[in-house]
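Trainee: File follows, final_24.txt with compact mmCIF, C-alpha atoms:
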# COMPACT_ATOMS: atom_id res chain seq x y z
CA MET Y 1 -30.69 18.02 -40.41
CA CYS Y 2 -31.67 14.36 -40.57
CA GLN Y 3 -34.42 13.57 -43.07
CA THR Y 4 -35.61 10.28 -41.55
CA ALA Y 5 -36.19 10.08 -37.81
CA PRO Y 6 -35.62 6.29 -37.48
CA TYR Y 7 -32.24 6.58 -39.21
CA CYS Y 8 -31.17 9.36 -36.84
CA THR Y 9 -32.20 7.23 -33.89
CA ILE Y 10 -30.08 4.30 -35.11
CA ILE Y 11 -27.01 6.51 -35.58
CA ALA Y 12 -27.44 8.00 -32.09
CA MET Y 13 -27.78 4.55 -30.54
CA GLU Y 14 -24.66 3.25 -32.32
CA THR Y 15 -22.63 6.27 -31.15
CA THR Y 16 -23.85 5.80 -27.57
CA ASN Y 17 -23.01 2.08 -27.67
CA LYS Y 18 -19.48 2.76 -28.97
CA LYS Y 19 -18.86 5.33 -26.24
CA GLY Y 20 -20.17 2.93 -23.59
CA ALA Y 21 -18.00 0.09 -24.90
CA PHE Y 22 -14.93 2.32 -24.95
CA ILE Y 23 -15.50 3.45 -21.34
CA TRP Y 24 -16.08 -0.14 -20.20
CA ASP Y 25 -12.88 -1.29 -21.98
CA LEU Y 26 -10.98 1.53 -20.28
CA VAL Y 27 -12.37 0.55 -16.87
CA LYS Y 28 -11.43 -3.12 -17.46
CA PHE Y 29 -7.92 -2.12 -18.53
CA CYS Y 30 -7.47 -0.04 -15.35
CA LEU Y 31 -8.78 -2.82 -13.12
CA ILE Y 32 -6.53 -5.45 -14.72
CA SER Y 33 -3.53 -3.12 -14.49
CA LEU Y 34 -4.21 -2.49 -10.81
CA ALA Y 35 -4.63 -6.22 -10.17
CA ILE Y 36 -1.18 -6.84 -11.65
CA VAL Y 37 0.76 -3.77 -10.52
CA LEU Y 38 -0.62 -3.25 -7.00
CA PRO Y 39 0.36 -6.66 -5.52
CA PHE Y 40 3.78 -6.35 -7.19
CA ARG Y 41 4.22 -2.88 -5.70
CA LEU Y 42 2.98 -3.86 -2.22
CA PHE Y 43 4.48 -7.31 -1.73
CA ILE Y 44 7.32 -7.91 -4.20
CA ALA Y 45 9.21 -4.72 -5.08
CA GLN Y 46 9.07 -1.00 -4.49
CA PRO Y 47 11.11 2.05 -5.47
CA PHE Y 48 13.54 3.76 -3.10
CA ILE Y 49 15.54 6.97 -3.54
CA VAL Y 50 18.82 7.18 -1.65
CA SER Y 51 18.94 10.21 0.62
CA GLY Y 52 22.23 11.29 2.15
CA LYS Y 53 25.86 10.16 1.98
CA SER Y 54 25.93 7.35 4.56
CA MET Y 55 26.50 4.68 1.89
CA TYR Y 56 28.96 6.64 -0.25
CA PRO Y 57 30.81 5.66 -2.45
CA THR Y 58 28.66 2.54 -2.97
CA PHE Y 59 25.48 4.63 -3.26
CA ASP Y 60 25.21 8.37 -3.70
CA ASN Y 61 22.48 10.82 -2.84
CA GLY Y 62 19.55 10.76 -5.28
CA GLN Y 63 20.19 7.32 -6.77
CA TYR Y 64 17.03 5.39 -7.64
CA LEU Y 65 16.71 1.76 -6.52
CA ILE Y 66 14.19 -1.05 -6.75
CA VAL Y 67 13.88 -3.00 -3.49
CA ASP Y 68 13.34 -6.77 -3.47
CA GLU Y 69 10.74 -7.42 -0.76
CA ILE Y 70 10.16 -11.14 -1.31
CA THR Y 71 13.55 -12.83 -0.75
CA TYR Y 72 13.67 -12.31 3.02
CA LYS Y 73 10.27 -13.96 3.35
CA LEU Y 74 11.93 -17.12 2.03
CA GLU Y 75 15.44 -16.88 3.51
CA ASN Y 76 17.39 -14.94 6.12
CA PRO Y 77 19.42 -11.84 5.26
CA LYS Y 78 23.10 -12.49 4.58
CA ARG Y 79 26.15 -10.69 5.88
CA GLY Y 80 27.13 -8.06 3.31
CA ASP Y 81 23.61 -7.53 1.93
CA VAL Y 82 22.58 -3.92 1.36
CA ILE Y 83 19.14 -3.50 2.89
CA ILE Y 84 16.38 -0.92 3.24
CA PHE Y 85 14.56 -0.88 6.58
CA HIS Y 86 12.34 1.13 8.90
CA PHE Y 87 14.45 3.13 11.36
CA PRO Y 88 13.76 1.56 14.80
CA ASN Y 89 13.46 4.95 16.55
CA ASN Y 90 10.99 6.27 13.96
CA THR Y 91 9.46 3.58 11.76
CA LYS Y 92 8.11 6.19 9.32
CA GLU Y 93 11.70 6.80 8.18
CA TYR Y 94 13.59 4.48 5.81
CA PHE Y 95 17.33 3.81 6.04
CA ILE Y 96 19.76 2.04 3.73
CA LYS Y 97 22.72 0.22 5.30
CA ARG Y 98 24.83 -2.93 4.97
CA ILE Y 99 24.40 -6.00 7.17
CA ILE Y 100 27.56 -6.53 9.21
CA GLY Y 101 26.42 -8.82 12.02
CA ARG Y 102 23.79 -11.55 12.11
CA PRO Y 103 21.78 -13.09 14.98
CA GLY Y 104 24.08 -14.66 17.57
CA ASP Y 105 27.19 -12.81 16.35
CA THR Y 106 29.42 -10.65 18.50
CA VAL Y 107 30.45 -7.51 16.65
CA ALA Y 108 33.28 -5.17 17.63
CA ILE Y 109 35.63 -2.73 15.95
CA VAL Y 110 39.19 -3.61 16.88
CA GLY Y 111 42.20 -1.77 15.52
CA GLY Y 112 39.96 0.15 13.16
CA ARG Y 113 38.49 -2.98 11.55
CA VAL Y 114 35.25 -4.91 12.08
CA LYS Y 115 35.76 -8.15 14.00
CA ILE Y 116 33.05 -10.82 14.07
CA THR Y 117 32.90 -13.70 16.53
CA THR Y 118 30.45 -16.54 15.92
CA THR Y 119 29.64 -19.91 17.50
CA THR Y 120 31.40 -21.63 14.60
CA ASN Y 121 34.37 -19.25 14.75
CA PRO Y 122 34.98 -18.42 18.45
CA ASP Y 123 38.39 -16.86 17.70
CA GLY Y 124 36.70 -14.37 15.43
CA PHE Y 125 37.62 -12.96 12.03
CA TYR Y 126 38.01 -9.54 10.46
CA LEU Y 127 35.83 -8.40 7.59
CA ASP Y 128 37.61 -7.50 4.38
CA GLU Y 129 35.85 -4.28 3.35
CA PRO Y 130 37.51 -2.69 0.31
CA TYR Y 131 34.68 -0.14 0.01
CA ILE Y 132 35.66 1.51 3.32
CA GLN Y 133 37.70 4.68 2.86
CA ASP Y 134 38.27 5.73 6.47
CA LYS Y 135 39.61 4.06 9.58
CA LEU Y 136 37.02 3.19 12.22
CA THR Y 137 36.93 4.09 15.89
CA ASP Y 138 37.17 1.02 18.12
CA THR Y 139 34.01 -0.06 19.95
CA GLU Y 140 32.98 -2.43 22.72
CA PRO Y 141 31.66 -5.85 21.62
CA VAL Y 142 27.93 -6.11 20.90
CA ILE Y 143 26.20 -9.50 21.19
CA LEU Y 144 23.24 -9.83 18.83
CA ASP Y 145 19.97 -11.35 20.01
CA SER Y 146 17.99 -13.74 17.84
CA ASP Y 147 16.39 -12.00 14.86
CA HIS Y 148 18.56 -8.90 15.34
CA TYR Y 149 21.17 -7.53 12.93
CA PHE Y 150 24.05 -5.09 13.17
CA VAL Y 151 24.03 -2.65 10.24
CA MET Y 152 26.47 0.04 9.17
CA GLY Y 153 26.83 2.50 6.32
CA ASP Y 154 29.78 2.21 3.97
CA ASN Y 155 30.69 5.84 4.67
CA ARG Y 156 31.48 4.98 8.28
CA SER Y 157 32.45 8.46 9.46
CA ALA Y 158 29.14 9.89 8.18
CA SER Y 159 26.78 7.02 8.96
CA TYR Y 160 24.17 6.98 11.71
CA ASP Y 161 23.84 3.24 12.30
CA SER Y 162 23.90 0.36 14.81
CA ARG Y 163 26.94 1.87 16.50
CA SER Y 164 24.70 4.75 17.63
CA TRP Y 165 21.13 3.50 17.93
CA GLY Y 166 21.58 -0.24 18.47
CA THR Y 167 20.68 -3.42 16.64
CA LEU Y 168 18.00 -3.85 13.98
CA PRO Y 169 15.06 -6.26 14.48
CA LYS Y 170 14.42 -8.42 11.43
CA ASP Y 171 10.75 -7.45 11.24
CA LEU Y 172 11.75 -3.87 10.37
CA ILE Y 173 13.67 -4.94 7.25
CA VAL Y 174 11.80 -3.99 4.08
CA GLY Y 175 14.09 -5.79 1.63
CA ARG Y 176 17.42 -5.75 -0.18
CA ALA Y 177 18.69 -3.46 -2.90
CA PHE Y 178 17.78 -5.34 -6.08
CA VAL Y 179 18.25 -2.96 -9.02
CA ARG Y 180 19.90 0.44 -9.40
CA LEU Y 181 18.08 2.33 -12.18
CA VAL Y 182 19.56 5.82 -11.85
CA PRO Y 183 22.17 6.98 -12.74
CA PHE Y 184 22.05 4.93 -15.94
CA LYS Y 185 25.82 4.55 -16.17
CA GLU Y 186 25.75 2.70 -12.82
CA ALA Y 187 22.56 0.72 -13.45
CA GLY Y 188 22.68 -2.94 -12.54
CA ILE Y 189 21.35 -5.84 -10.48
CA PHE Y 190 22.26 -6.27 -6.78
CA PRO Y 191 24.22 -3.02 -6.55
CA GLY Y 192 26.72 -2.96 -3.71
CA LYS Y 193 26.53 -6.71 -3.19
CA THR Y 194 29.60 -8.22 -1.55
CA THR Y 195 30.52 -11.70 -0.36
CA TYR Y 196 32.93 -11.80 2.52
CA THR Y 197 35.67 -14.45 2.39
CA THR Y 198 34.96 -16.01 5.78
CA ASN Y 199 34.21 -19.52 6.95
CA ASP Y 200 31.18 -18.59 9.03
I'd like the structure from this file rewritten - as structure tokens, please.

Mentor:
Amino acid sequence: MCQTAPYCTIIAMETTNKKGAFIWDLVKFCLISLAIVLPFRLFIAQPFIVSGKSMYPTFDNGQYLIVDEITYKLENPKRGDVIIFHFPNNTKEYFIKRIIGRPGDTVAIVGGRVKITTTTNPDGFYLDEPYIQDKLTDTEPVILDSDHYFVMGDNRSASYDSRSWGTLPKDLIVGRAFVRLVPFKEAGIFPGKTTYTTND
């Protein structure tokens, strides 16, 4: 038991002050962390887990990606980019596909290969797609409106894409695949990125 009441009071006050300072420091730390992490998470990058086999062998089921959400606010998506977007028929769902056709393009599958016709290349050209493992079924030409893209999965025979549900409006694009984190042996920046050798 304490022998001097004033001394006990001082000790109690010091303990209370330390607890209060610790709680306030913890609150400040949480607020600062939220101020840094939340905008980054909402506007710059977000995680995405691949579900399904539509992008195999480039991406497999369960792989963990970080999506770059800022680039397409500054520039237009490029042909060959791997993107994550809201499915047009149900915007609560997210899909991952590759951009094949851009606004103004005419896209068709001819002789089992993707043929692109543009204003600068009216004779058209075929995409060189070494990641494709199966021959494609020929399709009728599709002319893309402004701000619309034609997207396809790399696993063409198992991909539900623009061949089935139509073209993708730009405003439904979330961003591009920026980093693959899992599996660690395949980790890297801009996974699946390809640059087509065309003059468009």

Trainee: Contacts of stretch 121-136 of chain Y at 9 Å or less, counting all atoms listed in the file, minus same-chain residues fewer than 2 places along, as a list of chain:residue names?

Mentor: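 What passes the distance filter is Y:Tyr56, Y:Pro57, Y:Thr58, Y:Ile100, Y:Thr106, Y:Ile109, Y:Val110, Y:Gly111, Y:Gly112, Y:Arg113, Y:Val114, Y:Lys115, Y:Ile116, Y:Thr117, Y:Thr118, Y:Thr119, Y:Asp138, Y:Thr139, Y:Asp154, Y:Asn155, Y:Arg156, Y:Ser157, Y:Thr194, Y:Tyr196, Y:Thr197, Y:Thr198, Y:Asn199, Y:Asp200.
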
Trainee: Hey, can you check how far atom CA of Y:Ser146 sits from atom CA of Y:Ile99?

Mentor: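 Between these atoms lies a distance of 14.7 Å.
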
Trainee: Quick one, how far is atom CA of Y:Gly166 from atom CA of Y:Tyr64?

Mentor: 27.1 Å

Trainee: As JSON, numbers by chain, please: the residues near Y:Ala177 (cut-off 6 Å, all atoms listed in the file, same-chain neighbours under 5 positions excluded).

Mentor: {"Y": [67, 82, 83, 190]}

Trainee: Take atom CA of Y:Val107 and atom CA of Y:Asp60 and report the distance between them in Å, one decimal.

Mentor: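 Result for atom CA of Y:Val107 versus atom CA of Y:Asp60: 26.3 Å, one decimal.
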
Trainee: List the spatial neighbours of Y:Phe85 as a list of chain:residue names - criterion: any atom at most 8 Å away, only C-alpha atoms, same-chain residues fewer than 5 positions off excluded.

Mentor: Y:Tyr94, Y:Phe95, Y:Ile96, Y:Leu172, Y:Ile173, Y:Val174, Y:Gly175

Trainee: Which polymer residues have any atom within 12 Å of an atom of Y:Asp68, counting all atoms listed in the file, with same-chain residues fewer than 3 positions away left out, as number ranges by chain?

Mentor: Y: 40-48, 65, 71-74, 77, 81-85, 173-180, 189-191

Trainee: Dump as a list in words all residues having an atom at most 12 Å from (21.7, 1.8, 17.9), computed in the file's coordinates with all atoms listed in the file.

Mentor: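 Checked against the point, the hits come out as Phe87, Pro88, Asn89, Val142, Leu144, His148, Tyr149, Phe150, Val151, Met152, Ser159, Tyr160, Asp161, Ser162, Arg163, Ser164, Trp165, Gly166, Thr167, Leu168 and Pro169 of chain Y.
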